[in-house]
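Novice: Contents are PDB, C-alpha atoms; file name target26.pdb:
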ATOM      1  CA  MET A   1      27.255 -22.355 -68.007
ATOM      2  CA  ALA A   2      23.606 -21.990 -66.989
ATOM      3  CA  LYS A   3      21.900 -19.272 -68.994
ATOM      4  CA  ARG A   4      19.891 -18.143 -66.037
ATOM      5  CA  LEU A   5      20.712 -17.666 -62.361
ATOM      6  CA  GLU A   6      17.970 -16.633 -60.002
ATOM      7  CA  TYR A   7      17.734 -16.307 -56.207
ATOM      8  CA  GLN A   8      14.499 -15.231 -54.634
ATOM      9  CA  GLU A   9      14.595 -12.346 -52.181
ATOM     10  CA  THR A  10      14.744 -13.217 -48.461
ATOM     11  CA  SER A  11      14.650 -10.989 -45.386
ATOM     12  CA  ASN A  12      18.423 -10.546 -45.575
ATOM     13  CA  THR A  13      19.424 -11.365 -49.152
ATOM     14  CA  PRO A  14      18.446  -9.643 -52.396
ATOM     15  CA  HIS A  15      16.596 -10.953 -55.429
ATOM     16  CA  ILE A  16      19.192 -11.881 -58.021
ATOM     17  CA  LEU A  17      18.260 -12.449 -61.636
ATOM     18  CA  PHE A  18      21.015 -12.924 -64.201
ATOM     19  CA  ASP A  19      19.708 -14.083 -67.576
ATOM     20  CA  SER A  20      22.156 -14.080 -70.466
ATOM     21  CA  GLU A  21      19.503 -14.965 -73.088
ATOM     22  CA  GLN A  22      17.183 -12.102 -72.165
ATOM     23  CA  ASN A  23      20.155  -9.874 -71.337
ATOM     24  CA  LYS A  24      18.588  -9.102 -67.978
ATOM     25  CA  PHE A  25      20.752  -8.568 -64.899
ATOM     26  CA  VAL A  26      19.044  -7.466 -61.702
ATOM     27  CA  ILE A  27      19.995  -7.192 -58.017
ATOM     28  CA  GLU A  28      17.295  -5.786 -55.739
ATOM     29  CA  GLY A  29      16.421  -5.787 -52.035
ATOM     30  CA  LYS A  30      18.464  -5.889 -48.857
ATOM     31  CA  SER A  31      21.839  -7.506 -48.566
ATOM     32  CA  PHE A  32      23.119  -8.614 -45.170
ATOM     33  CA  PRO A  33      23.698 -12.363 -45.456
ATOM     34  CA  GLU A  34      25.345 -14.175 -42.573
ATOM     35  CA  ASP A  35      28.229 -15.096 -44.872
ATOM     36  CA  SER A  36      28.505 -12.629 -47.687
ATOM     37  CA  LYS A  37      31.418 -14.445 -49.326
ATOM     38  CA  GLU A  38      29.392 -17.658 -49.570
ATOM     39  CA  PHE A  39      26.254 -15.932 -50.792
ATOM     40  CA  TYR A  40      27.979 -13.982 -53.597
ATOM     41  CA  ARG A  41      30.478 -16.696 -54.628
ATOM     42  CA  PRO A  42      28.183 -18.456 -57.201
ATOM     43  CA  ILE A  43      27.021 -15.079 -58.516
ATOM     44  CA  ILE A  44      30.602 -13.907 -59.061
ATOM     45  CA  GLU A  45      31.502 -17.265 -60.640
ATOM     46  CA  TRP A  46      28.497 -17.020 -62.972
ATOM     47  CA  MET A  47      29.595 -13.526 -64.024
ATOM     48  CA  ASN A  48      33.125 -14.817 -64.560
ATOM     49  CA  GLU A  49      31.802 -17.445 -66.988
ATOM     50  CA  LEU A  50      29.727 -14.904 -68.876
ATOM     51  CA  LYS A  51      32.901 -13.627 -70.526
ATOM     52  CA  PHE A  52      33.076 -16.854 -72.570
ATOM     53  CA  LEU A  53      29.772 -15.858 -74.229
ATOM     54  CA  LYS A  54      31.288 -12.484 -75.174
ATOM     55  CA  PRO A  55      28.045 -10.472 -74.883
ATOM     56  CA  ALA A  56      27.977  -7.244 -76.913
ATOM     57  CA  HIS A  57      26.402  -5.312 -74.079
ATOM     58  CA  ILE A  58      25.029  -5.819 -70.580
ATOM     59  CA  THR A  59      23.023  -3.559 -68.313
ATOM     60  CA  LEU A  60      23.104  -4.378 -64.624
ATOM     61  CA  ASP A  61      20.129  -2.970 -62.761
ATOM     62  CA  ILE A  62      20.847  -2.508 -59.050
ATOM     63  CA  ASN A  63      18.178  -1.423 -56.605
ATOM     64  CA  LEU A  64      19.404  -2.045 -53.079
ATOM     65  CA  PHE A  65      17.693  -0.707 -49.990
ATOM     66  CA  TYR A  66      20.575  -1.716 -47.752
ATOM     67  CA  LEU A  67      24.043  -3.252 -48.099
ATOM     68  CA  SER A  68      26.035  -4.489 -45.111
ATOM     69  CA  SER A  69      29.755  -3.709 -45.087
ATOM     70  CA  SER A  70      30.669  -7.282 -46.049
ATOM     71  CA  SER A  71      28.119  -7.159 -48.913
ATOM     72  CA  ILE A  72      29.749  -3.933 -50.097
ATOM     73  CA  ILE A  73      33.039  -5.806 -50.552
ATOM     74  CA  SER A  74      31.331  -8.778 -52.242
ATOM     75  CA  VAL A  75      29.508  -6.514 -54.719
ATOM     76  CA  LYS A  76      32.863  -4.869 -55.417
ATOM     77  CA  GLN A  77      34.244  -8.323 -56.345
ATOM     78  CA  LEU A  78      31.295  -8.699 -58.721
ATOM     79  CA  PHE A  79      32.130  -5.334 -60.309
ATOM     80  CA  LEU A  80      35.738  -6.493 -60.783
ATOM     81  CA  LYS A  81      34.410  -9.367 -62.919
ATOM     82  CA  ILE A  82      32.278  -6.913 -64.874
ATOM     83  CA  ILE A  83      35.385  -4.795 -65.526
ATOM     84  CA  GLU A  84      36.974  -7.896 -67.089
ATOM     85  CA  LEU A  85      33.969  -8.130 -69.443
ATOM     86  CA  LYS A  86      34.331  -4.465 -70.329
ATOM     87  CA  ASN A  87      38.030  -4.933 -71.023
ATOM     88  CA  MET A  88      37.121  -7.722 -73.454
ATOM     89  CA  GLY A  89      34.876  -5.374 -75.436
ATOM     90  CA  THR A  90      31.433  -5.704 -73.806
ATOM     91  CA  LYS A  91      29.588  -2.403 -73.435
ATOM     92  CA  VAL A  92      28.615  -2.223 -69.771
ATOM     93  CA  THR A  93      26.069   0.046 -68.090
ATOM     94  CA  ILE A  94      25.256   0.005 -64.387
ATOM     95  CA  VAL A  95      21.836   1.414 -63.548
ATOM     96  CA  TRP A  96      21.993   2.449 -59.901
ATOM     97  CA  ASN A  97      18.517   2.991 -58.478
ATOM     98  CA  TYR A  98      17.924   4.845 -55.227
ATOM     99  CA  ASP A  99      15.091   6.463 -53.304
ATOM    100  CA  HIS A 100      14.898  10.261 -53.650
ATOM    101  CA  ASP A 101      15.507  10.711 -49.907
ATOM    102  CA  ASP A 102      18.332   8.205 -49.690
ATOM    103  CA  ASP A 103      21.642   9.996 -50.225
ATOM    104  CA  ASP A 104      23.620   7.216 -48.547
ATOM    105  CA  ILE A 105      22.757   4.574 -51.156
ATOM    106  CA  LYS A 106      23.422   7.086 -53.932
ATOM    107  CA  LYS A 107      26.858   7.767 -52.391
ATOM    108  CA  THR A 108      27.582   4.038 -52.271
ATOM    109  CA  GLY A 109      26.912   3.949 -56.038
ATOM    110  CA  GLU A 110      29.240   6.906 -56.529
ATOM    111  CA  ASP A 111      31.942   5.123 -54.498
ATOM    112  CA  TYR A 112      31.656   2.094 -56.791
ATOM    113  CA  GLN A 113      31.757   4.312 -59.861
ATOM    114  CA  GLN A 114      34.881   6.039 -58.551
ATOM    115  CA  ILE A 115      36.855   2.833 -58.012
ATOM    116  CA  THR A 116      35.603   0.891 -61.051
ATOM    117  CA  SER A 117      35.311   3.676 -63.681
ATOM    118  CA  LEU A 118      32.300   1.810 -65.089
ATOM    119  CA  ASP A 119      29.451   3.794 -66.675
ATOM    120  CA  PHE A 120      26.803   4.444 -64.042
ATOM    121  CA  VAL A 121      23.334   5.815 -64.704
ATOM    122  CA  TYR A 122      21.523   7.033 -61.574
ATOM    123  CA  LYS A 123      17.769   6.600 -61.387
ATOM    124  CA  VAL A 124      15.439   7.808 -58.668
ATOM    125  CA  ASN A 125      12.801   5.205 -57.689
TER     126      ASN A 125
ATOM    127  CA  MET B   1      40.130 -20.140  -7.599
ATOM    128  CA  ILE B   2      39.888 -17.613 -10.415
ATOM    129  CA  ASN B   3      36.866 -18.139 -12.579
ATOM    130  CA  PHE B   4      37.772 -18.009 -16.275
ATOM    131  CA  SER B   5      34.220 -18.654 -17.392
ATOM    132  CA  LYS B   6      32.519 -16.272 -19.826
ATOM    133  CA  ILE B   7      29.307 -16.558 -17.843
ATOM    134  CA  GLY B   8      30.244 -17.112 -14.204
ATOM    135  CA  PRO B   9      28.518 -15.278 -11.314
ATOM    136  CA  ILE B  10      30.984 -12.352 -11.347
ATOM    137  CA  GLU B  11      30.645 -11.884 -15.108
ATOM    138  CA  LYS B  12      26.847 -12.121 -14.845
ATOM    139  CA  GLU B  13      26.830  -9.432 -12.159
ATOM    140  CA  ILE B  14      28.982  -7.051 -14.237
ATOM    141  CA  PHE B  15      26.711  -7.674 -17.234
ATOM    142  CA  ALA B  16      23.543  -7.139 -15.181
ATOM    143  CA  LYS B  17      24.878  -3.815 -13.836
ATOM    144  CA  LYS B  18      25.676  -2.653 -17.363
ATOM    145  CA  VAL B  19      22.205  -3.557 -18.631
ATOM    146  CA  LYS B  20      20.546  -1.996 -15.572
ATOM    147  CA  GLY B  21      22.474   1.236 -16.118
ATOM    148  CA  ILE B  22      21.126   1.549 -19.671
ATOM    149  CA  LYS B  23      17.581   0.530 -18.715
ATOM    150  CA  THR B  24      17.442   2.977 -15.801
ATOM    151  CA  PHE B  25      18.088   5.902 -18.135
ATOM    152  CA  TYR B  26      15.101   4.981 -20.301
ATOM    153  CA  LYS B  27      12.720   4.311 -17.398
ATOM    154  CA  GLY B  28      10.080   6.755 -16.333
ATOM    155  CA  SER B  29       7.794   9.061 -18.155
ATOM    156  CA  GLY B  30       8.284  11.466 -20.999
ATOM    157  CA  GLU B  31       9.745  10.740 -24.369
ATOM    158  CA  LYS B  32      12.384   8.263 -23.209
ATOM    159  CA  MET B  33      11.743   4.645 -24.148
ATOM    160  CA  PHE B  34      13.272   1.475 -25.503
ATOM    161  CA  ILE B  35      12.034   0.680 -28.969
ATOM    162  CA  VAL B  36      14.090  -2.493 -29.477
ATOM    163  CA  SER B  37      15.559  -4.739 -26.788
ATOM    164  CA  HIS B  38      17.421  -8.023 -27.038
ATOM    165  CA  VAL B  39      19.452  -9.818 -24.380
ATOM    166  CA  GLY B  40      21.123 -13.188 -24.860
ATOM    167  CA  LYS B  41      22.129 -15.514 -27.661
ATOM    168  CA  LEU B  42      22.269 -14.143 -31.168
ATOM    169  CA  ASP B  43      22.254 -15.827 -34.567
ATOM    170  CA  GLN B  44      21.363 -14.743 -38.100
ATOM    171  CA  ASN B  45      17.689 -15.747 -37.703
ATOM    172  CA  LYS B  46      17.419 -13.527 -34.640
ATOM    173  CA  ILE B  47      19.167 -10.705 -36.515
ATOM    174  CA  ASN B  48      16.563 -11.017 -39.287
ATOM    175  CA  THR B  49      13.739 -10.857 -36.740
ATOM    176  CA  ILE B  50      15.298  -7.862 -34.959
ATOM    177  CA  SER B  51      15.839  -6.066 -38.286
ATOM    178  CA  THR B  52      12.117  -6.430 -39.118
ATOM    179  CA  LEU B  53      11.237  -5.121 -35.660
ATOM    180  CA  ILE B  54      13.561  -2.109 -36.071
ATOM    181  CA  GLU B  55      11.889  -1.115 -39.342
ATOM    182  CA  ALA B  56       8.403  -1.556 -37.879
ATOM    183  CA  GLN B  57       9.225   0.459 -34.745
ATOM    184  CA  LEU B  58      10.862   3.319 -36.640
ATOM    185  CA  ASP B  59       7.920   3.425 -39.027
ATOM    186  CA  PHE B  60       5.521   3.489 -36.056
ATOM    187  CA  HIS B  61       7.414   6.467 -34.589
ATOM    188  CA  ASN B  62       7.321   8.286 -37.962
ATOM    189  CA  VAL B  63      11.093   8.436 -38.262
ATOM    190  CA  SER B  64      12.276   9.783 -41.627
ATOM    191  CA  LYS B  65      13.590   7.313 -44.176
ATOM    192  CA  ARG B  66      17.068   8.853 -44.017
ATOM    193  CA  THR B  67      17.327   8.413 -40.235
ATOM    194  CA  THR B  68      15.712   4.965 -40.418
ATOM    195  CA  LYS B  69      18.369   3.791 -42.834
ATOM    196  CA  ARG B  70      21.177   5.208 -40.696
ATOM    197  CA  ILE B  71      19.848   3.448 -37.608
ATOM    198  CA  PHE B  72      19.249   0.251 -39.615
ATOM    199  CA  ASN B  73      22.795   0.383 -40.963
ATOM    200  CA  ILE B  74      24.401   0.799 -37.530
ATOM    201  CA  ALA B  75      22.112  -1.838 -36.017
ATOM    202  CA  ILE B  76      22.945  -4.513 -38.597
ATOM    203  CA  GLU B  77      26.682  -3.835 -38.389
ATOM    204  CA  SER B  78      26.524  -4.019 -34.554
ATOM    205  CA  LEU B  79      24.433  -7.186 -34.546
ATOM    206  CA  GLN B  80      26.568  -8.969 -37.126
ATOM    207  CA  ASN B  81      29.765  -7.926 -35.296
ATOM    208  CA  SER B  82      28.408  -9.320 -32.026
ATOM    209  CA  CYS B  83      27.280 -12.501 -33.752
ATOM    210  CA  LEU B  84      30.591 -12.975 -35.569
ATOM    211  CA  HIS B  85      33.041 -11.918 -32.850
ATOM    212  CA  GLY B  86      31.081 -12.158 -29.574
ATOM    213  CA  GLU B  87      32.290 -15.013 -27.364
ATOM    214  CA  LYS B  88      29.819 -17.805 -26.642
ATOM    215  CA  GLU B  89      29.748 -20.473 -23.969
ATOM    216  CA  GLU B  90      29.975 -24.029 -25.275
ATOM    217  CA  ASP B  91      26.237 -24.453 -24.705
ATOM    218  CA  CYS B  92      25.757 -21.324 -26.898
ATOM    219  CA  ARG B  93      24.678 -19.063 -24.019
ATOM    220  CA  GLN B  94      25.909 -15.530 -24.557
ATOM    221  CA  LEU B  95      26.262 -12.436 -22.398
ATOM    222  CA  LEU B  96      25.147 -10.051 -25.096
ATOM    223  CA  TYR B  97      22.742  -7.146 -25.377
ATOM    224  CA  PHE B  98      21.380  -4.956 -28.116
ATOM    225  CA  PHE B  99      19.062  -2.023 -27.448
ATOM    226  CA  ILE B 100      17.727   0.952 -29.315
ATOM    227  CA  GLY B 101      16.626   3.754 -27.021
ATOM    228  CA  LYS B 102      14.598   6.771 -28.080
ATOM    229  CA  ASN B 103      14.817  10.085 -26.282
ATOM    230  CA  ALA B 104      12.715  12.621 -28.206
ATOM    231  CA  ASN B 105      14.455  12.842 -31.593
ATOM    232  CA  GLU B 106      17.652  11.070 -30.444
ATOM    233  CA  TYR B 107      18.106   7.377 -31.107
ATOM    234  CA  THR B 108      20.882   5.483 -29.324
ATOM    235  CA  ILE B 109      22.024   2.047 -30.388
ATOM    236  CA  PHE B 110      23.644   0.081 -27.545
ATOM    237  CA  SER B 111      25.506  -3.124 -28.209
ATOM    238  CA  GLY B 112      27.652  -5.242 -25.888
ATOM    239  CA  ASN B 113      29.325  -8.630 -25.946
ATOM    240  CA  ILE B 114      32.251 -10.578 -24.528
ATOM    241  CA  VAL B 115      35.616 -10.496 -26.292
ATOM    242  CA  PRO B 116      38.846 -12.339 -25.492
ATOM    243  CA  ASN B 117      41.405 -10.145 -23.736
ATOM    244  CA  GLN B 118      43.930 -10.632 -26.538
ATOM    245  CA  MET B 119      41.556  -8.762 -28.892
ATOM    246  CA  VAL B 120      41.153  -5.755 -26.614
ATOM    247  CA  GLU B 121      44.293  -3.732 -27.394
ATOM    248  CA  ASN B 122      43.933  -3.974 -31.193
ATOM    249  CA  LEU B 123      40.234  -3.232 -31.092
ATOM    250  CA  LYS B 124      40.734  -0.292 -28.737
ATOM    251  CA  GLU B 125      43.422   1.149 -31.010
ATOM    252  CA  HIS B 126      41.254   0.662 -34.119
ATOM    253  CA  LEU B 127      38.226   2.325 -32.507
ATOM    254  CA  THR B 128      40.272   5.204 -31.046
ATOM    255  CA  THR B 129      41.765   5.880 -34.488
ATOM    256  CA  ILE B 130      38.265   5.951 -36.008
ATOM    257  CA  GLN B 131      36.998   8.198 -33.220
ATOM    258  CA  LYS B 132      39.767  10.744 -33.838
ATOM    259  CA  ASP B 133      39.894  10.505 -37.638
ATOM    260  CA  ALA B 134      39.392  13.950 -39.168
ATOM    261  CA  ASP B 135      38.937  12.580 -42.698
ATOM    262  CA  LEU B 136      36.933   9.438 -42.116
ATOM    263  CA  LYS B 137      35.433   9.390 -45.611
ATOM    264  CA  LYS B 138      38.942   9.176 -47.097
ATOM    265  CA  THR B 139      39.853   6.349 -44.698
ATOM    266  CA  TYR B 140      36.596   4.603 -45.617
ATOM    267  CA  LEU B 141      37.269   4.931 -49.355
ATOM    268  CA  ASN B 142      40.761   3.551 -48.874
ATOM    269  CA  ALA B 143      39.447   0.525 -46.947
ATOM    270  CA  PHE B 144      36.656   0.146 -49.523
ATOM    271  CA  THR B 145      39.107   0.203 -52.449
ATOM    272  CA  HIS B 146      41.608  -2.230 -50.950
ATOM    273  CA  GLY B 147      39.339  -4.240 -48.616
ATOM    274  CA  GLU B 148      38.948  -8.004 -48.831
ATOM    275  CA  LEU B 149      36.716 -10.257 -46.749
ATOM    276  CA  SER B 150      38.482 -11.990 -43.875
ATOM    277  CA  GLU B 151      38.065 -15.686 -43.076
ATOM    278  CA  LYS B 152      35.398 -14.763 -40.538
ATOM    279  CA  GLY B 153      33.643 -12.659 -43.157
ATOM    280  CA  GLY B 154      34.566  -9.242 -41.746
ATOM    281  CA  ALA B 155      35.179  -6.471 -44.244
ATOM    282  CA  GLY B 156      37.108  -3.965 -42.136
ATOM    283  CA  LEU B 157      34.437  -1.391 -42.983
ATOM    284  CA  GLY B 158      31.959  -2.110 -40.186
ATOM    285  CA  PHE B 159      33.078   0.364 -37.501
ATOM    286  CA  LEU B 160      33.983   2.983 -40.132
ATOM    287  CA  THR B 161      30.442   2.720 -41.528
ATOM    288  CA  MET B 162      28.953   2.944 -38.037
ATOM    289  CA  LYS B 163      30.935   6.096 -37.260
ATOM    290  CA  LEU B 164      30.047   7.693 -40.608
ATOM    291  CA  LYS B 165      26.322   7.098 -40.045
ATOM    292  CA  SER B 166      26.214   8.300 -36.430
ATOM    293  CA  ASN B 167      26.287  11.621 -34.603
ATOM    294  CA  SER B 168      28.280  10.228 -31.698
ATOM    295  CA  PHE B 169      30.367   7.101 -31.220
ATOM    296  CA  ASN B 170      31.494   5.808 -27.807
ATOM    297  CA  PHE B 171      32.906   2.518 -26.637
ATOM    298  CA  ASP B 172      34.168   0.879 -23.479
ATOM    299  CA  PHE B 173      35.972  -2.270 -22.317
ATOM    300  CA  LEU B 174      35.383  -3.777 -18.875
ATOM    301  CA  SER B 175      37.737  -6.477 -17.668
ATOM    302  CA  LEU B 176      35.784  -9.567 -16.599
ATOM    303  CA  ASN B 177      38.642 -11.889 -15.673
ATOM    304  CA  ASN B 178      42.082 -12.985 -16.914
ATOM    305  CA  LYS B 179      40.708 -14.208 -20.222
ATOM    306  CA  PHE B 180      37.732 -12.076 -21.167
ATOM    307  CA  SER B 181      36.470  -8.502 -21.269
ATOM    308  CA  PHE B 182      33.093  -6.984 -21.918
ATOM    309  CA  PHE B 183      33.013  -4.724 -24.976
ATOM    310  CA  SER B 184      30.250  -2.172 -25.321
ATOM    311  CA  ILE B 185      29.563   0.467 -27.934
ATOM    312  CA  GLN B 186      26.903   3.143 -28.138
ATOM    313  CA  LEU B 187      26.080   5.267 -31.122
ATOM    314  CA  LYS B 188      23.677   8.126 -31.389
ATOM    315  CA  VAL B 189      21.639   9.145 -34.410
ATOM    316  CA  ILE B 190      19.793  12.439 -34.243
ATOM    317  CA  GLU B 191      16.743  12.893 -36.472
TER     318      GLU B 191
END
Mind turning the file's structure into structure tokens?
Specialist:
Amino acid sequence: MAKRLEYQETSNTPHILFDSEQNKFVIEGKSFPEDSKEFYRPIIEWMNELKFLKPAHITLDINLFYLSSSSIISVKQLFLKIIELKNMGTKVTIVWNYDHDDDDIKKTGEDYQQITSLDFVYKVN
Amino acid sequence: MINFSKIGPIEKEIFAKKVKGIKTFYKGSGEKMFIVSHVGKLDQNKINTISTLIEAQLDFHNVSKRTTKRIFNIAIESLQNSCLHGEKEEDCRQLLYFFIGKNANEYTIFSGNIVPNQMVENLKEHLTTIQKDADLKKTYLNAFTHGELSEKGGAGLGFLTMKLKSNSFNFDFLSLNNKFSFFSIQLKVIE
């Protein structure tokens, strides 16, 4: 697998940086692609392959201004792959960043935490 | 002969009346105005342009970040729904509108597009259920937990999200002919 996956931010898709060598995993920006399934497919596949490297720990830093409803489901699929990593022994932390006056994005993080039982750390931008 | 076109003269007249009705309300002096207006064909590039305009307009009117994000959320869901499910003519023309009206501290998002008649009953039932749902957050969490993306890319969360982010949620179906209806939805966000 490629050690690094990066997509630059566009007006409707977030910046994605997954780097297994530097142990850096970042998603930031807005997410409302025309076809969410297509946009997130290679990202989910990349995360699926990460389990073969058996990383000791990963921290996924998420800082999303906006997620469309189809992106919400695609990010959930990504979390399901991360749960597989956790079940194989990787220590996983999700850093969920949000603006101090943005309760809705914080609640979205809490919804993910509730259904995934992953460890979430909330950080105010 | 019955006209089954999506954009025949009768359909155009019904559409024009609908648009005129909305525009008339926002005409005149005072604090009533349109801050975003789009009529016609829609694709993802146009949605991106409209989304930038929405942010700029709300910033210009000093709308709080919380309200901005609620309006943005509803707008994107409406636009993507119309783009994904709104009927198009073969030459890509579309009877479709999207407006955001401002009346003092009330923002109303209006969206309308053509749907096939066979979609109407299911959609009406789905929207009525959402409108009456006393525990919408629970319904949302259930759809969120079990939801998958459909072939068309829909998540089943769109209208639930729109209702959760709005202060009022109204919709309407107007029969155009034996094959098509005009679907419109309007949602209010109060600052």
Novice: For the provided coordinates, the residues matched by the PyMOL selection byres ((chain A) within 12 of (chain B)) should be stated as a VMD selection string.
Specialist: chain A and resid 10 to 13 30 to 41 64 to 77 79 to 80 98 to 108 110 to 116
Novice: Of the residues B:Tyr26, B:Phe34, B:Phe169, B:Phe180, which is the one nearest to B:Val120, using all atoms listed in the file?
Specialist: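 Smallest distance to B:Val120 is found for B:Phe180.
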Novice: Can you pull out the residues contacting A:Tyr122? Cut-off 6 Å, using only C-alpha atoms, and skip same-chain residues under 5 positions away; I want them as number ranges by chain.
Specialist: A: 95-97
Novice: Grab the atom CA of B:Val19 to atom CA of B:Gly40 distance for me, in Å with one decimal place.
Specialist: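 That distance, rounded to one decimal, is 11.5 Å.
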Novice: Using all atoms of stretch 96-112 of chain A listed in the file and a margin of 5 Å per side, can you give the axis-aligned box centre and edge lengths in Å to one decimal, as AutoDock Vina command-line options?
Specialist:
--center_x 23.4 --center_y 6.4 --center_z -54.2 --size_x 27.0 --size_y 18.6 --size_z 21.4
Novice: One decimal, Å: what's the distance from atom CA of B:Gly101 over to atom CA of B:Leu176, could you say?
Specialist: 25.6 Å
Novice: Evaluate the PyMOL selection byres ((chain B and resi 190) around 9) on the structure here and hand back the selected residues as an mmCIF file with C-alpha atoms, in the frame of the given file.
Specialist:
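Generated file (expr.cif):
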data_model
loop_
_atom_site.group_PDB
_atom_site.id
_atom_site.type_symbol
_atom_site.label_atom_id
_atom_site.label_comp_id
_atom_site.auth_asym_id
_atom_site.auth_seq_id
_atom_site.Cartn_x
_atom_site.Cartn_y
_atom_site.Cartn_z
ATOM 1 C CA THR B 67 17.327 8.413 -40.235
ATOM 2 C CA ASN B 105 14.455 12.842 -31.593
ATOM 3 C CA GLU B 106 17.652 11.070 -30.444
ATOM 4 C CA TYR B 107 18.106 7.377 -31.107
ATOM 5 C CA THR B 108 20.882 5.483 -29.324
ATOM 6 C CA SER B 166 26.214 8.300 -36.430
ATOM 7 C CA ASN B 167 26.287 11.621 -34.603
ATOM 8 C CA LYS B 188 23.677 8.126 -31.389
ATOM 9 C CA VAL B 189 21.639 9.145 -34.410
ATOM 10 C CA GLU B 191 16.743 12.893 -36.472
#
Novice: Nearest residue to A:Lys91 out of A:Ser117, A:Glu28, A:Lys123, A:Pro55, using only C-alpha atoms?
Specialist: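 That would be A:Pro55, the residue with the smallest distance to A:Lys91.
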Novice: Tell me, as a PyMOL selection string, which residues lie within 7 Å of stretch 182-185 of chain B, counting all atoms listed in the file; anything in the same chain fewer than 4 positions away does not count.
Specialist: chain B and resi 110-115+170-176
Novice: Any chance you can output those residues with C-alpha atoms as a short mmCIF file (atom, residue, chain, number, x, y, z; two decimals), in the frame of the given file?
Specialist:
data_model
loop_
_atom_site.label_atom_id
_atom_site.label_comp_id
_atom_site.auth_asym_id
_atom_site.auth_seq_id
_atom_site.Cartn_x
_atom_site.Cartn_y
_atom_site.Cartn_z
CA PHE B 110 23.64 0.08 -27.54
CA SER B 111 25.51 -3.12 -28.21
CA GLY B 112 27.65 -5.24 -25.89
CA ASN B 113 29.32 -8.63 -25.95
CA ILE B 114 32.25 -10.58 -24.53
CA VAL B 115 35.62 -10.50 -26.29
CA ASN B 170 31.49 5.81 -27.81
CA PHE B 171 32.91 2.52 -26.64
CA ASP B 172 34.17 0.88 -23.48
CA PHE B 173 35.97 -2.27 -22.32
CA LEU B 174 35.38 -3.78 -18.88
CA SER B 175 37.74 -6.48 -17.67
CA LEU B 176 35.78 -9.57 -16.60
#
Novice: List, as a VMD selection string, every residue that the PyMOL selection byres ((chain A and resi 92) around 8) selects in the file provided.
Specialist: chain A and resid 57 to 60 82 85 to 86 90 to 91 93 to 94 118 to 119
Novice: Quick one: residues within 7 Å of stretch 21-27 of chain A, only C-alpha atoms counted, chain neighbours fewer than 5 positions away excluded, as an mmCIF file with C-alpha atoms, in the frame of the given file?
Specialist:
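Writing the result to out-v3.cif gives the following:
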data_model
loop_
_atom_site.group_PDB
_atom_site.id
_atom_site.type_symbol
_atom_site.label_atom_id
_atom_site.label_comp_id
_atom_site.auth_asym_id
_atom_site.auth_seq_id
_atom_site.Cartn_x
_atom_site.Cartn_y
_atom_site.Cartn_z
ATOM 1 C CA LYS A 3 21.900 -19.272 -68.994
ATOM 2 C CA PRO A 14 18.446 -9.643 -52.396
ATOM 3 C CA HIS A 15 16.596 -10.953 -55.429
ATOM 4 C CA ILE A 16 19.192 -11.881 -58.021
ATOM 5 C CA ILE A 58 25.029 -5.819 -70.580
ATOM 6 C CA THR A 59 23.023 -3.559 -68.313
ATOM 7 C CA LEU A 60 23.104 -4.378 -64.624
ATOM 8 C CA ASP A 61 20.129 -2.970 -62.761
ATOM 9 C CA ILE A 62 20.847 -2.508 -59.050
ATOM 10 C CA ASN A 63 18.178 -1.423 -56.605
#
Novice: In Å, rounded to a single decimal, give me how far atom CA of B:Leu58 is from atom CA of B:Lys32.
Specialist: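 These atoms are spaced 14.4 Å apart.
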Novice: Using all atoms listed in the file, find the one residue out of A:Leu17, A:Asn48, A:Leu53, A:Gly109 that sits nearest to A:Ile83.
Specialist: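 Answer, going by the shortest atom-to-atom distance: A:Asn48.
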